[in-house]
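J.: Input: one structure, supplied below.
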Amino acid sequence: MNATDAKRILDLSRQWQDTRCWLSAFHHADLCREYESKGFAIANVHPDLSRQKFERATQARQFVDARHAELCELENLLRDHAPKLFGLIPVEINFWNSPPTDFSPWLNAMRRIEAEILVLVHEFIENSEAAEKTPPVPAGTPSGEVVDVAGMIEKLSVLFGDSGGKMLHVINNSELSADQKLKAMERIDKPLMASIKSSVKLGKALNVSGQAVRDTDWWKDRKKRTQE
């Protein structure tokens with residue numbers, strides 16, 4: 001997965017964590033139907049006004065189509081780069097139908113996508129750092145030109161936004177313990193940390209075992225909070 005695709009996945013998953021984004025799409029579908037109905041009703045009496053209604057209906061329809069296209073784009077990106085995640089995109093989404101009474105399953109799915117992609121990004125950076133420590137391949141060899149890995153890592157930290165960049169900074173701080181890193185990461189983005197339920201996945205992000213995560217005060221405190 002290249003940096004551009006990873007950033008696009010993160011941008012879309014974060015955008016669709018906002019309930020207002022879903023409500024706006026359903027609202028524009030209603031507007032489209034309303035303008036079309038009014039346009040037909042006055043077509044013979046007020047043709048100019050009717051034409052305006054149809055133009056507004058077209059604008060509303062284009063808005064709905066664009067939102068559908070974004071979700072299809074996110075699904076295709078996940079299918080190509082993170083196939084285990086693309087199934088999280090709900091197949092029943094259709095803004096021309098009535099909205100659900102509870103958006104939380106869709107919002108949680110988007111948060112999980114963001115969390116999983118951030119883990120993949122960190123693994124990529126870890127591999128890049130490991131490659132940086134190996135002797136560079138001279139230019140002109142079959143392996144190709146030498147890559148500026150350090151520059152790539154710096155650019156990635158900027159690309160993944162304020163939250164993602166801060167998370168990566170904490171994760172890569174060798175002076176902090178696993179417990180200190182987890183507490184700092186929760187202060188940066190508490191909803192994101194709450195969405196990651198697996199100690200093994202957190203361990204991968206911190207380069208420690210799942211047991212090491214479960215032994216931290218942060219994990220024990222969170223377990224207590226969820227049981228209360």
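Following the order of the structure tokens, first chain is A, next is B, and so on, with residues numbered from 1 inside each chain and ligands from 1 in the order they appear.
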Using only C-alpha atoms, which residues sit within 12 Å of Lys190 of chain A once same-chain residues fewer than 5 positions away are excluded, as JSON, numbers by chain?

T.: {"A": [111, 115, 163, 167, 182, 183, 184, 185, 195, 196, 222]}

J.: Take the residues from that selection and write them out as a compact mmCIF listing (two decimals), in the first residue's frame, keeping C-alpha atoms.

T.:
```
# COMPACT_ATOMS: atom_id res chain seq x y z
CA ARG A 111 -13.29 3.50 13.52
CA ALA A 115 -7.39 1.66 13.73
CA SER A 163 -3.76 12.12 15.58
CA MET A 167 0.51 8.28 17.76
CA LEU A 182 -0.58 3.32 25.94
CA LYS A 183 -1.56 6.09 28.36
CA ALA A 184 -0.15 8.74 26.05
CA MET A 185 -1.92 7.24 23.02
CA SER A 195 -12.03 0.74 19.49
CA ILE A 196 -8.95 -1.54 19.61
CA ARG A 222 -9.35 -0.16 31.17
```

J.: Would you mind telling me which residue in A:Asp102, A:Asp65, A:Leu118, A:Asp179 lies nearest to Lys166 of chain A when using only C-alpha atoms?

T.: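 Nearest candidate to Lys166 of chain A out of A:Asp102, A:Asp65, A:Leu118, A:Asp179: A:Leu118.
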
J.: Which neighbours of Lys223 of chain A fall inside 12 Å, counting only C-alpha atoms, when residues of the same chain fewer than 4 positions from it are skipped, and could you give them as a compact mmCIF listing (two decimals) with all heavy atoms, in the first residue's frame?

T.:
```txt
# COMPACT_ATOMS: atom_id res chain seq x y z
N ALA A 194 -10.12 3.05 22.37
CA ALA A 194 -11.22 2.25 22.88
C ALA A 194 -11.72 1.26 21.83
O ALA A 194 -12.26 0.21 22.16
CB ALA A 194 -12.36 3.15 23.35
N LYS A 197 -9.73 -3.58 20.62
CA LYS A 197 -10.03 -4.49 21.74
C LYS A 197 -8.95 -5.55 21.95
O LYS A 197 -8.92 -6.20 22.99
CB LYS A 197 -11.37 -5.20 21.50
CG LYS A 197 -12.54 -4.25 21.22
CD LYS A 197 -12.82 -3.36 22.40
CE LYS A 197 -14.05 -2.47 22.14
NZ LYS A 197 -14.33 -1.55 23.25
N SER A 198 -8.09 -5.76 20.98
CA SER A 198 -7.12 -6.85 21.04
C SER A 198 -5.79 -6.38 21.61
O SER A 198 -5.16 -5.45 21.09
CB SER A 198 -6.90 -7.42 19.63
OG SER A 198 -5.82 -8.32 19.61
N SER A 199 -5.33 -7.04 22.68
CA SER A 199 -4.02 -6.74 23.25
C SER A 199 -2.91 -7.16 22.31
O SER A 199 -1.83 -6.56 22.30
CB SER A 199 -3.85 -7.43 24.60
OG SER A 199 -3.96 -8.84 24.45
N VAL A 213 1.23 -6.19 27.01
CA VAL A 213 0.18 -5.17 27.03
C VAL A 213 -0.79 -5.44 28.19
O VAL A 213 -1.17 -4.52 28.93
CB VAL A 213 -0.58 -5.14 25.69
CG1 VAL A 213 -1.81 -4.24 25.78
CG2 VAL A 213 0.33 -4.67 24.57
N ARG A 214 -1.18 -6.70 28.35
CA ARG A 214 -2.14 -7.06 29.42
C ARG A 214 -1.55 -6.85 30.81
O ARG A 214 -2.29 -6.69 31.79
CB ARG A 214 -2.59 -8.51 29.24
CG ARG A 214 -3.43 -8.73 27.99
CD ARG A 214 -4.08 -10.11 27.98
NE ARG A 214 -3.13 -11.20 27.87
CZ ARG A 214 -2.65 -11.66 26.73
NH1 ARG A 214 -3.04 -11.12 25.58
NH2 ARG A 214 -1.80 -12.68 26.71
N ASP A 215 -0.22 -6.83 30.92
CA ASP A 215 0.43 -6.63 32.22
C ASP A 215 0.56 -5.15 32.60
O ASP A 215 0.93 -4.83 33.73
CB ASP A 215 1.84 -7.25 32.19
CG ASP A 215 1.79 -8.78 32.22
OD1 ASP A 215 0.76 -9.32 32.65
OD2 ASP A 215 2.79 -9.40 31.81
N THR A 216 0.23 -4.25 31.66
CA THR A 216 0.37 -2.82 31.96
C THR A 216 -0.77 -2.33 32.85
O THR A 216 -1.86 -2.90 32.85
CB THR A 216 0.36 -1.99 30.66
OG1 THR A 216 -0.91 -2.16 29.99
CG2 THR A 216 1.48 -2.41 29.73
N ASP A 217 -0.50 -1.28 33.60
CA ASP A 217 -1.54 -0.67 34.44
C ASP A 217 -2.67 -0.13 33.57
O ASP A 217 -3.84 -0.17 33.96
CB ASP A 217 -0.94 0.47 35.28
CG ASP A 217 0.00 -0.05 36.34
OD1 ASP A 217 -0.11 -1.25 36.71
OD2 ASP A 217 0.87 0.72 36.79
N TRP A 218 -2.31 0.39 32.39
CA TRP A 218 -3.33 0.95 31.49
C TRP A 218 -4.35 -0.10 31.11
O TRP A 218 -5.55 0.14 31.16
CB TRP A 218 -2.66 1.51 30.23
CG TRP A 218 -3.64 2.02 29.22
CD1 TRP A 218 -4.22 3.25 29.19
CD2 TRP A 218 -4.19 1.29 28.11
NE1 TRP A 218 -5.09 3.34 28.12
CE2 TRP A 218 -5.10 2.16 27.44
CE3 TRP A 218 -4.01 0.01 27.62
CZ2 TRP A 218 -5.80 1.76 26.32
CZ3 TRP A 218 -4.71 -0.39 26.48
CH2 TRP A 218 -5.59 0.48 25.85
N TRP A 219 -3.89 -1.29 30.73
CA TRP A 219 -4.81 -2.36 30.32
C TRP A 219 -5.68 -2.81 31.50
O TRP A 219 -6.88 -3.01 31.35
CB TRP A 219 -4.01 -3.54 29.77
CG TRP A 219 -4.89 -4.67 29.30
CD1 TRP A 219 -5.33 -5.74 30.04
CD2 TRP A 219 -5.47 -4.83 28.00
NE1 TRP A 219 -6.13 -6.56 29.28
CE2 TRP A 219 -6.22 -6.03 28.02
CE3 TRP A 219 -5.40 -4.11 26.82
CZ2 TRP A 219 -6.91 -6.50 26.91
CZ3 TRP A 219 -6.09 -4.57 25.72
CH2 TRP A 219 -6.84 -5.75 25.77
N GLN A 227 -15.82 -3.17 33.02
CA GLN A 227 -16.59 -4.11 33.83
C GLN A 227 -17.55 -3.40 34.79
O GLN A 227 -18.48 -3.99 35.31
CB GLN A 227 -15.66 -5.02 34.63
CG GLN A 227 -14.89 -6.00 33.77
CD GLN A 227 -13.88 -6.81 34.56
OE1 GLN A 227 -13.54 -6.47 35.70
NE2 GLN A 227 -13.41 -7.89 33.96
N GLU A 228 -17.29 -2.10 35.01
CA GLU A 228 -18.13 -1.34 35.95
C GLU A 228 -19.49 -0.99 35.32
O GLU A 228 -19.60 -0.82 34.14
CB GLU A 228 -17.40 -0.06 36.37
CG GLU A 228 -16.20 -0.33 37.25
CD GLU A 228 -15.45 0.95 37.58
OE1 GLU A 228 -15.80 2.02 37.02
OE2 GLU A 228 -14.54 0.90 38.40
```

J.: Based on the backbone DSSP call, show me all residues of segment 11-226 of chain A assigned helix (DSSP H, G or I), as an MDAnalysis selection string.

T.: chainID A and resid 11:15 19:41 47:81 86:88 104:133 149:159 161:171 178:188 190:195 199:206 210:214 217:226

J.: From the list A:Ile42, A:Val64, A:Ile171, A:Ala3, which residue is nearest Phe26 of chain A when using only C-alpha atoms?

T.: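 Among the listed residues, the smallest separation from Phe26 of chain A belongs to A:Val64.
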
J.: Restricting the calculation to only C-alpha atoms: of A:Ser50, A:Asn76, A:Asn207, A:Asn108, which residue gets closest to His122 of chain A?

T.: A:Asn207

J.: If we count only C-alpha atoms, what is near Val119 of chain A at a cut-off of 8 Å, once residues fewer than 3 positions away on the same chain are taken out, given as an NGL selection string?

T.: :A and (115-116 or 122-123 or 201 or 204-205)

J.: Grab the residues selected above and save them as a CSV table (one decimal), in the first residue's frame with C-alpha atoms.

T.:
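The result, written out as part.csv:
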```csv
chain,number,residue,atom,x,y,z
A,115,ALA,CA,-7.4,1.7,13.7
A,116,GLU,CA,-6.4,-1.3,11.6
A,122,HIS,CA,3.2,1.3,11.8
A,123,GLU,CA,4.3,-2.1,10.6
A,201,LYS,CA,-2.8,-5.9,18.0
A,204,LYS,CA,2.2,-5.4,17.4
A,205,ALA,CA,1.9,-1.6,17.3
```
